[in-house]
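Student: I'm passing along data30.cif; it holds mmCIF, N, CA and C atoms.
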data_data
loop_
_atom_site.label_atom_id
_atom_site.label_comp_id
_atom_site.auth_asym_id
_atom_site.auth_seq_id
_atom_site.Cartn_x
_atom_site.Cartn_y
_atom_site.Cartn_z
N MET A 1 123.50 -135.36 160.54
CA MET A 1 124.42 -134.43 161.14
C MET A 1 125.71 -135.19 161.45
N LEU A 2 126.82 -134.55 161.16
CA LEU A 2 128.13 -135.10 161.47
C LEU A 2 128.89 -134.06 162.26
N THR A 3 129.42 -134.45 163.40
CA THR A 3 130.21 -133.55 164.23
C THR A 3 131.53 -134.24 164.54
N LEU A 4 132.62 -133.49 164.38
CA LEU A 4 133.94 -134.02 164.70
C LEU A 4 134.40 -133.46 166.03
N PHE A 5 134.81 -134.34 166.91
CA PHE A 5 135.36 -133.93 168.20
C PHE A 5 136.82 -134.35 168.26
N GLY A 6 137.68 -133.45 168.72
CA GLY A 6 139.09 -133.77 168.86
C GLY A 6 139.42 -134.09 170.31
N THR A 7 140.68 -134.38 170.55
CA THR A 7 141.13 -134.71 171.90
C THR A 7 141.97 -133.57 172.45
N GLY A 8 141.40 -132.40 172.51
CA GLY A 8 142.11 -131.24 173.06
C GLY A 8 142.87 -130.44 172.03
N GLN A 9 143.04 -130.97 170.84
CA GLN A 9 143.73 -130.26 169.77
C GLN A 9 142.76 -130.04 168.63
N GLN A 10 143.00 -128.96 167.88
CA GLN A 10 142.15 -128.70 166.73
C GLN A 10 142.38 -129.78 165.68
N VAL A 11 141.31 -130.24 165.07
CA VAL A 11 141.38 -131.26 164.04
C VAL A 11 142.04 -130.65 162.80
N SER A 12 142.90 -131.39 162.15
CA SER A 12 143.62 -130.88 160.98
C SER A 12 142.67 -130.68 159.80
N PRO A 13 142.97 -129.72 158.93
CA PRO A 13 142.14 -129.53 157.73
C PRO A 13 142.04 -130.80 156.87
N ALA A 14 143.11 -131.57 156.80
CA ALA A 14 143.08 -132.81 156.01
C ALA A 14 142.08 -133.81 156.60
N THR A 15 142.03 -133.90 157.92
CA THR A 15 141.07 -134.79 158.58
C THR A 15 139.65 -134.33 158.32
N ILE A 16 139.44 -133.03 158.42
CA ILE A 16 138.10 -132.48 158.17
C ILE A 16 137.67 -132.79 156.74
N GLU A 17 138.56 -132.56 155.78
CA GLU A 17 138.21 -132.80 154.38
C GLU A 17 137.96 -134.29 154.11
N ALA A 18 138.71 -135.16 154.75
CA ALA A 18 138.49 -136.60 154.57
C ALA A 18 137.11 -137.00 155.09
N HIS A 19 136.72 -136.48 156.24
CA HIS A 19 135.40 -136.78 156.80
C HIS A 19 134.29 -136.12 155.96
N ARG A 20 134.56 -134.92 155.47
CA ARG A 20 133.58 -134.24 154.61
C ARG A 20 133.32 -135.09 153.36
N ALA A 21 134.38 -135.59 152.74
CA ALA A 21 134.23 -136.41 151.53
C ALA A 21 133.48 -137.71 151.84
N ALA A 22 133.81 -138.34 152.96
CA ALA A 22 133.12 -139.58 153.35
C ALA A 22 131.64 -139.31 153.64
N PHE A 23 131.35 -138.20 154.27
CA PHE A 23 129.97 -137.83 154.58
C PHE A 23 129.18 -137.60 153.29
N ARG A 24 129.78 -136.86 152.35
CA ARG A 24 129.11 -136.60 151.07
C ARG A 24 128.89 -137.91 150.31
N ASP A 25 129.87 -138.81 150.37
CA ASP A 25 129.75 -140.10 149.70
C ASP A 25 128.60 -140.92 150.31
N ALA A 26 128.51 -140.92 151.63
CA ALA A 26 127.43 -141.65 152.30
C ALA A 26 126.06 -141.07 151.93
N ILE A 27 125.98 -139.77 151.82
CA ILE A 27 124.73 -139.12 151.42
C ILE A 27 124.34 -139.58 150.02
N ALA A 28 125.30 -139.57 149.11
CA ALA A 28 125.04 -139.98 147.72
C ALA A 28 124.64 -141.45 147.63
N ARG A 29 125.36 -142.32 148.34
CA ARG A 29 125.06 -143.76 148.31
C ARG A 29 123.68 -144.06 148.88
N ALA A 30 123.24 -143.28 149.84
CA ALA A 30 121.93 -143.50 150.45
C ALA A 30 120.80 -142.86 149.63
N GLY A 31 121.18 -142.14 148.57
CA GLY A 31 120.17 -141.50 147.73
C GLY A 31 119.54 -140.29 148.38
N LEU A 32 120.24 -139.69 149.32
CA LEU A 32 119.73 -138.52 150.02
C LEU A 32 120.23 -137.24 149.35
N SER A 33 119.69 -136.13 149.77
CA SER A 33 120.12 -134.83 149.26
C SER A 33 120.86 -134.08 150.35
N LEU A 34 121.94 -133.46 149.97
CA LEU A 34 122.70 -132.62 150.89
C LEU A 34 121.92 -131.34 151.13
N VAL A 35 121.73 -130.98 152.38
CA VAL A 35 121.03 -129.75 152.71
C VAL A 35 122.02 -128.66 153.08
N GLU A 36 122.93 -128.97 154.00
CA GLU A 36 123.87 -127.94 154.45
C GLU A 36 125.03 -128.60 155.19
N ILE A 37 126.22 -128.05 154.99
CA ILE A 37 127.38 -128.42 155.78
C ILE A 37 127.96 -127.13 156.33
N THR A 38 128.22 -127.10 157.63
CA THR A 38 128.77 -125.90 158.27
C THR A 38 130.07 -126.26 158.96
N PRO A 39 131.15 -125.55 158.70
CA PRO A 39 131.24 -124.46 157.73
C PRO A 39 131.29 -125.00 156.31
N ALA A 40 130.65 -124.29 155.41
CA ALA A 40 130.58 -124.71 154.01
C ALA A 40 131.93 -124.53 153.33
N ALA A 41 132.25 -125.47 152.46
CA ALA A 41 133.48 -125.38 151.67
C ALA A 41 133.17 -125.12 150.20
N THR A 42 131.94 -125.42 149.80
CA THR A 42 131.50 -125.19 148.43
C THR A 42 130.09 -124.60 148.46
N ALA A 43 129.70 -124.00 147.34
CA ALA A 43 128.40 -123.33 147.28
C ALA A 43 127.24 -124.30 147.53
N ASP A 44 127.38 -125.56 147.11
CA ASP A 44 126.27 -126.50 147.29
C ASP A 44 126.11 -126.95 148.74
N GLU A 45 127.02 -126.55 149.60
CA GLU A 45 126.92 -126.88 151.03
C GLU A 45 126.22 -125.78 151.83
N VAL A 46 125.78 -124.73 151.14
CA VAL A 46 125.11 -123.60 151.80
C VAL A 46 123.61 -123.79 151.68
N LEU A 47 122.92 -123.71 152.80
CA LEU A 47 121.46 -123.77 152.79
C LEU A 47 120.93 -122.41 152.37
N VAL A 48 120.20 -122.38 151.27
CA VAL A 48 119.61 -121.14 150.78
C VAL A 48 118.11 -121.25 150.98
N ALA A 49 117.55 -120.26 151.65
CA ALA A 49 116.11 -120.26 151.90
C ALA A 49 115.37 -120.20 150.57
N SER A 50 114.30 -120.97 150.46
CA SER A 50 113.54 -120.97 149.22
C SER A 50 112.81 -119.64 149.08
N ALA A 51 112.66 -119.22 147.84
CA ALA A 51 111.97 -117.96 147.55
C ALA A 51 110.49 -118.10 147.87
N GLU A 52 109.93 -117.06 148.41
CA GLU A 52 108.50 -117.06 148.70
C GLU A 52 107.73 -116.84 147.40
N PRO A 53 106.58 -117.48 147.25
CA PRO A 53 105.77 -117.27 146.05
C PRO A 53 105.35 -115.81 145.93
N ALA A 54 105.13 -115.36 144.71
CA ALA A 54 104.68 -113.99 144.48
C ALA A 54 103.40 -113.73 145.26
N GLY A 55 103.30 -112.55 145.84
CA GLY A 55 102.12 -112.18 146.60
C GLY A 55 102.18 -112.55 148.06
N THR A 56 103.23 -113.26 148.48
CA THR A 56 103.40 -113.63 149.88
C THR A 56 103.85 -112.40 150.65
N PRO A 57 103.24 -112.12 151.80
CA PRO A 57 103.69 -110.96 152.59
C PRO A 57 105.17 -111.07 152.93
N GLU A 58 105.85 -109.93 152.86
CA GLU A 58 107.28 -109.89 153.13
C GLU A 58 107.56 -110.08 154.62
N SER A 59 108.61 -110.82 154.92
CA SER A 59 109.00 -111.04 156.31
C SER A 59 109.55 -109.75 156.90
N ALA A 60 109.28 -109.53 158.17
CA ALA A 60 109.83 -108.37 158.86
C ALA A 60 111.21 -108.68 159.44
N ILE A 61 111.61 -109.95 159.37
CA ILE A 61 112.91 -110.33 159.91
C ILE A 61 114.00 -109.65 159.10
N GLY A 62 114.85 -108.93 159.77
CA GLY A 62 115.95 -108.26 159.11
C GLY A 62 115.58 -106.99 158.39
N ALA A 63 114.33 -106.56 158.48
CA ALA A 63 113.91 -105.37 157.75
C ALA A 63 114.60 -104.12 158.26
N HIS A 64 115.01 -104.11 159.50
CA HIS A 64 115.63 -102.91 160.08
C HIS A 64 117.05 -103.19 160.56
N TRP A 65 117.70 -104.13 159.93
CA TRP A 65 119.06 -104.49 160.29
C TRP A 65 119.99 -103.39 159.82
N SER A 66 120.77 -102.84 160.71
CA SER A 66 121.73 -101.79 160.37
C SER A 66 123.01 -102.44 159.86
N LEU A 67 123.20 -102.41 158.55
CA LEU A 67 124.36 -103.05 157.93
C LEU A 67 125.56 -102.12 157.96
N PRO A 68 126.77 -102.67 158.07
CA PRO A 68 127.98 -101.84 158.08
C PRO A 68 128.28 -101.28 156.68
N ASP A 69 129.20 -100.33 156.62
CA ASP A 69 129.60 -99.74 155.34
C ASP A 69 130.59 -100.62 154.59
N ASP A 70 131.24 -101.54 155.28
CA ASP A 70 132.33 -102.32 154.71
C ASP A 70 131.94 -103.80 154.58
N LEU A 71 132.12 -104.34 153.39
CA LEU A 71 131.77 -105.74 153.13
C LEU A 71 132.53 -106.70 154.03
N ASP A 72 133.77 -106.39 154.36
CA ASP A 72 134.56 -107.28 155.23
C ASP A 72 133.92 -107.46 156.61
N LEU A 73 133.10 -106.51 157.02
CA LEU A 73 132.44 -106.59 158.32
C LEU A 73 131.12 -107.37 158.27
N VAL A 74 130.67 -107.69 157.07
CA VAL A 74 129.39 -108.38 156.90
C VAL A 74 129.51 -109.89 157.09
N TRP A 75 130.66 -110.46 156.73
CA TRP A 75 130.78 -111.93 156.72
C TRP A 75 130.42 -112.58 158.05
N SER A 76 130.89 -112.04 159.14
CA SER A 76 130.59 -112.67 160.44
C SER A 76 129.10 -112.61 160.75
N HIS A 77 128.41 -111.58 160.28
CA HIS A 77 126.96 -111.49 160.49
C HIS A 77 126.21 -112.54 159.67
N LEU A 78 126.86 -113.04 158.64
CA LEU A 78 126.25 -114.06 157.80
C LEU A 78 126.67 -115.47 158.22
N GLY A 79 127.37 -115.54 159.36
CA GLY A 79 127.81 -116.84 159.87
C GLY A 79 129.02 -117.41 159.16
N LEU A 80 129.80 -116.52 158.54
CA LEU A 80 130.98 -116.96 157.79
C LEU A 80 132.25 -116.45 158.42
N ARG A 81 133.31 -117.23 158.30
CA ARG A 81 134.63 -116.77 158.71
C ARG A 81 135.20 -115.93 157.58
N ALA A 82 136.17 -115.09 157.90
CA ALA A 82 136.81 -114.25 156.88
C ALA A 82 137.47 -115.10 155.81
N ASP A 83 137.93 -116.31 156.16
CA ASP A 83 138.61 -117.16 155.20
C ASP A 83 137.69 -118.18 154.52
N ALA A 84 136.38 -117.97 154.62
CA ALA A 84 135.43 -118.87 153.95
C ALA A 84 135.68 -118.83 152.44
N PRO A 85 135.43 -119.93 151.75
CA PRO A 85 135.62 -119.95 150.30
C PRO A 85 134.78 -118.88 149.60
N ARG A 86 135.36 -118.30 148.57
CA ARG A 86 134.71 -117.21 147.83
C ARG A 86 133.32 -117.61 147.33
N GLU A 87 133.19 -118.82 146.79
CA GLU A 87 131.89 -119.24 146.25
C GLU A 87 130.83 -119.32 147.35
N VAL A 88 131.24 -119.67 148.56
CA VAL A 88 130.31 -119.72 149.69
C VAL A 88 129.89 -118.30 150.06
N LYS A 89 130.86 -117.39 150.11
CA LYS A 89 130.55 -115.99 150.42
C LYS A 89 129.58 -115.41 149.40
N LYS A 90 129.77 -115.76 148.13
CA LYS A 90 128.88 -115.23 147.09
C LYS A 90 127.44 -115.69 147.29
N VAL A 91 127.26 -116.96 147.64
CA VAL A 91 125.91 -117.48 147.86
C VAL A 91 125.25 -116.74 149.03
N LYS A 92 125.97 -116.60 150.13
CA LYS A 92 125.41 -115.94 151.31
C LYS A 92 125.15 -114.45 151.03
N LEU A 93 126.03 -113.81 150.26
CA LEU A 93 125.85 -112.40 149.93
C LEU A 93 124.62 -112.21 149.05
N ARG A 94 124.44 -113.08 148.07
CA ARG A 94 123.23 -112.98 147.22
C ARG A 94 121.97 -113.16 148.06
N GLU A 95 122.03 -114.07 149.02
CA GLU A 95 120.88 -114.29 149.89
C GLU A 95 120.58 -113.03 150.71
N LEU A 96 121.62 -112.40 151.25
CA LEU A 96 121.43 -111.15 152.00
C LEU A 96 120.81 -110.08 151.12
N MET A 97 121.24 -110.03 149.87
CA MET A 97 120.75 -108.99 148.96
C MET A 97 119.26 -109.15 148.63
N LEU A 98 118.69 -110.30 148.95
CA LEU A 98 117.26 -110.52 148.72
C LEU A 98 116.40 -110.16 149.93
N THR A 99 117.04 -109.78 151.04
CA THR A 99 116.28 -109.45 152.25
C THR A 99 115.81 -108.00 152.21
N PRO A 100 114.77 -107.67 152.98
CA PRO A 100 114.31 -106.29 153.06
C PRO A 100 115.40 -105.33 153.56
N ALA A 101 116.31 -105.81 154.39
CA ALA A 101 117.37 -104.95 154.94
C ALA A 101 118.28 -104.40 153.85
N TRP A 102 118.42 -105.13 152.75
CA TRP A 102 119.35 -104.70 151.71
C TRP A 102 118.93 -103.38 151.06
N ARG A 103 117.65 -103.13 151.00
CA ARG A 103 117.17 -101.89 150.38
C ARG A 103 117.71 -100.66 151.08
N SER A 104 117.97 -100.77 152.38
CA SER A 104 118.49 -99.62 153.13
C SER A 104 119.97 -99.78 153.47
N ALA A 105 120.65 -100.72 152.82
CA ALA A 105 122.08 -100.92 153.07
C ALA A 105 122.85 -99.69 152.60
N PRO A 106 123.94 -99.34 153.29
CA PRO A 106 124.74 -98.19 152.88
C PRO A 106 125.24 -98.34 151.43
N SER A 107 125.27 -97.23 150.72
CA SER A 107 125.72 -97.24 149.32
C SER A 107 127.10 -97.85 149.15
N PRO A 108 128.08 -97.52 150.03
CA PRO A 108 129.40 -98.13 149.86
C PRO A 108 129.34 -99.67 149.93
N LEU A 109 128.52 -100.19 150.83
CA LEU A 109 128.38 -101.63 150.96
C LEU A 109 127.75 -102.23 149.71
N GLN A 110 126.71 -101.58 149.20
CA GLN A 110 126.06 -102.09 147.99
C GLN A 110 127.04 -102.13 146.82
N GLY A 111 127.86 -101.08 146.70
CA GLY A 111 128.86 -101.05 145.64
C GLY A 111 129.90 -102.14 145.79
N GLN A 112 130.38 -102.33 147.02
CA GLN A 112 131.38 -103.38 147.27
C GLN A 112 130.79 -104.76 146.97
N ALA A 113 129.53 -104.95 147.33
CA ALA A 113 128.88 -106.24 147.10
C ALA A 113 128.77 -106.52 145.60
N GLU A 114 128.37 -105.54 144.83
CA GLU A 114 128.27 -105.72 143.38
C GLU A 114 129.63 -106.03 142.77
N GLU A 115 130.66 -105.32 143.21
CA GLU A 115 132.02 -105.57 142.71
C GLU A 115 132.47 -106.98 143.08
N TYR A 116 132.17 -107.39 144.29
CA TYR A 116 132.57 -108.73 144.75
C TYR A 116 131.91 -109.81 143.90
N LEU A 117 130.63 -109.63 143.62
CA LEU A 117 129.91 -110.63 142.84
C LEU A 117 130.32 -110.62 141.37
N ASP A 118 130.72 -109.46 140.86
CA ASP A 118 131.12 -109.35 139.45
C ASP A 118 132.55 -109.80 139.21
N ALA A 119 133.36 -109.85 140.26
CA ALA A 119 134.78 -110.23 140.12
C ALA A 119 134.89 -111.71 139.74
N ASP A 120 135.95 -112.07 139.10
CA ASP A 120 136.31 -113.44 138.68
C ASP A 120 136.40 -113.52 137.22
#
Using the file provided, produce a representation of the structure as structure tokens.
Tutor:
Amino acid sequence: MLTLFGTGQQVSPATIEAHRAAFRDAIARAGLSLVEITPAATADEVLVASAEPAGTPESAIGAHWSLPDDLDLVWSHLGLRADAPREVKKVKLRELMLTPAWRSAPSPLQGQAEEYLDAD
């Protein structure tokens, strides 16, 4: 775990990126695997839950989550800022779409999600 503390002022993006690069380099030199960096800047910094084997009972977590109609309102529920990198948002959105709650997501949200993932 790496945490940056400032002296009363917000740390500059350049400082954050320099420490992020040094942290990733240290992980690689030690032969370790990156699990997650928060906030994520790239898709490989997002922790994605492993898929359950076939036949495993479905989790009830999130099964009755009332999702909003608008995709822009979903990001904060996924632990993302509105300005999070697009590739990070895509990973988190795909993960949400695998939950039981997605089956009952509003149609407008489902359409926006598909468009978002298909764009680029």
Student: Quick check on the file I pasted: which residues fall under the PyMOL selection byres ((chain A and resi 30-46) around 8)? Write them as a PyMOL selection string.
Tutor: chain A and resi 24-29+47-49+79-81+84-92
Student: Go through A:Ala119, A:Ala113, A:Leu4, A:Ala14 and flag the residue nearest Asp70 in chain A, using all atoms listed in the file for the distances.
Tutor: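 The shortest atom-to-atom distance to Asp70 in chain A comes from A:Ala113.
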Student: From a DSSP pass on the backbone, collect the residues of range 2-120 of chain A flagged as helix (DSSP H, G or I) and hand them back as a PyMOL selection string.
Tutor: chain A and resi 13-29+43-45+71-73+75-78+86-97+100-104+107-118
Student: CA of Trp75 in chain A and atom C of Thr3 in chain A, how far apart in Å?
Tutor: 23.7 Å
Student: Just the number, please: distance in Å from CA of Leu71 in chain A to CA of Ser12 in chain A, one decimal.
Tutor: 28.9 Å
Student: Which residue out of A:Ala82, A:Ala105, A:Ala22, A:Leu98 has the minimum interatomic distance to Leu67 in chain A when all atoms listed in the file are used?
Tutor: A:Ala105
Student: Please indicate the distance in Å from atom C of Pro100 in chain A to CA of Asp118 in chain A, rounded to one decimal place.
Tutor: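 About the pair atom C of Pro100 in chain A and CA of Asp118 in chain A: they are 21.5 Å apart.
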